[in-house]
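K.L.:
The following block contains the structure, expressed as structure tokens.
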Amino acid sequence: MAIRLATEYVKTCLQLTEAEMAKFIRMFVDHGASLQVKVLENGNQEVVLPDDAGEEIVLSFEREMNLYVCRGTCRIRNKNLVNLMRKAVAEFKGDAVVHRIYAAYTMVYTYKQGAVIRITEKKGAAEKVIYEYRDTVGQLEQLFHKNEVEQEIQMLKAQVNHLLDMRNEMQEAAIREHIDGRLHKLTHRLFVLEA
């Protein structure tokens with residue numbers, strides 16, 4: 001079995017309310033991670049986690065409106081911290097691109113709203129998709145709710161009715177001929193849409 005060398009959070013975005021921020025910190029403390037929280041003068045916070053080999057992981061949370069937003073990159077070697085970050089991204093519906101680095105290859109996990117939507121294996125320049133989420137039900141639902149064609153049909157029918165009324169009122173042959181040409185084009189379009 002391959003041994004993971006490190007896990008790198010390349011693009012991470014967590015948006016936490018004040019209560020979720022407290023829960024985020026408590027989650028790490030409850031699982032035995034020693035951490036330090038620095039509150040900066042503008043309301044921003046930094047969560048500092050000691051990683052293996054004496055390195056520190058700094059997660060900077062900037063205060064934006066009523067949220068603490070963490071965007072950034074970090075490399076984690078400690079398995080406990082790796083699992084806690086994975087749980088945090090899932091629980092707090094974060095977005096992330098995570099590289100799980102092994103000696104011969106890298107597994108790339110893409111998270112959207114806390115769920116894995118794609119897993120790719122990278123070996124050198126070669127890339128192979130292992131898993132990709134497809135929202136088939138959502139796509140079918142979206143198609144079901146599309147009604148542009150029905151709206152166009154209604155608009156064309158209204159135009160045809162208006163042109164027929166105008167044709168019945170007109171006595172001049174040239175104008176009637178012009179209206180007949182337009183009616184021919186509109187009825188052809190209606191036929192195509194209703195087919």
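Ordering of the structure tokens sets the chain letters (A, B, ...), residue numbers begin anew at 1 in every chain, and ligands are numbered from 1 in the order given.
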Return as JSON, numbers by chain the full set of residues in stretch 54-138 of chain A whose backbone-based DSSP assignment is strand (DSSP E or B).
P.N.:
{"A": [56, 57, 58, 59, 60, 61, 62, 63, 64, 67, 68, 69, 70, 71, 72, 73, 74, 75, 76, 95, 96, 97, 98, 99, 100, 101, 102, 106, 107, 108, 109, 110, 111, 112, 115, 116, 117, 118, 119, 120, 121, 122, 123, 126, 127, 128, 129, 130, 131, 132]}
K.L.:
At a cut-off of 9 Å, using only C-alpha atoms, what residues contact stretch 3-12 of chain A? Leave out same-chain residues fewer than 5 positions from it and give the result as a PyMOL selection string.
P.N.:
chain A and resi 70-79+82+89+94-103
K.L.:
Between A:Leu140, A:Leu164, A:Met27, A:Val192, which has the minimum distance to A:Ile179 (counting only C-alpha atoms)?
P.N.:
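That would be A:Leu164, the residue with the smallest distance to A:Ile179.
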K.L.:
Under the rule that only C-alpha atoms are counted, which of A:Thr106, A:Ser34, A:Asn80, A:Thr17 is the nearest residue to A:Glu64?
P.N.:
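Closest residue, counting only C-alpha atoms: A:Thr17.
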K.L.:
May I ask which of the residues A:Lys23, A:Gln171, A:Ala104, A:Val137 is the closest one to A:Ala2, counting only C-alpha atoms?
P.N.:
A:Ala104
K.L.:
If you run DSSP on the backbone here, which positions in stretch 41-123 of chain A get alpha helix (DSSP H)? Please write them as a list in words.
P.N.:
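Selecting the alpha helix (DSSP H) positions of stretch 41-123 of chain A gives Lys79, Asn80, Leu81, Val82, Asn83, Leu84, Met85, Arg86, Lys87, Ala88, Val89, Ala90 and Glu91 of chain A.
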K.L.:
Could you check how far atom CA of A:Tyr111 sits from atom CA of A:Gln36, in Å to one decimal?
P.N.:
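Between atom CA of A:Tyr111 and atom CA of A:Gln36 the gap is 26.5 Å.
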K.L.:
Show which residues sit within 12 Å of A:Glu148, as an mmCIF file with N, CA, C and O atoms, in the first residue's frame. Count only C-alpha atoms, and ignore same-chain residues fewer than 6 positions away.
P.N.:
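After the write, selection23.cif holds the following:
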data_model
loop_
_atom_site.group_PDB
_atom_site.id
_atom_site.type_symbol
_atom_site.label_atom_id
_atom_site.label_comp_id
_atom_site.auth_asym_id
_atom_site.auth_seq_id
_atom_site.Cartn_x
_atom_site.Cartn_y
_atom_site.Cartn_z
ATOM 1 N N GLN A 154 -46.097 30.625 -27.789
ATOM 2 C CA GLN A 154 -47.160 31.562 -27.393
ATOM 3 C C GLN A 154 -46.980 32.917 -28.080
ATOM 4 O O GLN A 154 -47.936 33.522 -28.545
ATOM 5 N N MET A 155 -45.720 33.387 -28.143
ATOM 6 C CA MET A 155 -45.431 34.671 -28.775
ATOM 7 C C MET A 155 -45.748 34.612 -30.276
ATOM 8 O O MET A 155 -46.360 35.532 -30.836
ATOM 9 N N LEU A 193 -41.293 24.298 -34.241
ATOM 10 C CA LEU A 193 -41.256 24.263 -32.775
ATOM 11 C C LEU A 193 -42.208 23.209 -32.207
ATOM 12 O O LEU A 193 -41.918 22.600 -31.182
#
K.L.:
Which one is closest to A:Glu18: A:Leu81, A:Leu67, A:Ala90, A:Ala126? Count only C-alpha atoms.
P.N.:
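Closest residue, counting only C-alpha atoms: A:Leu67.
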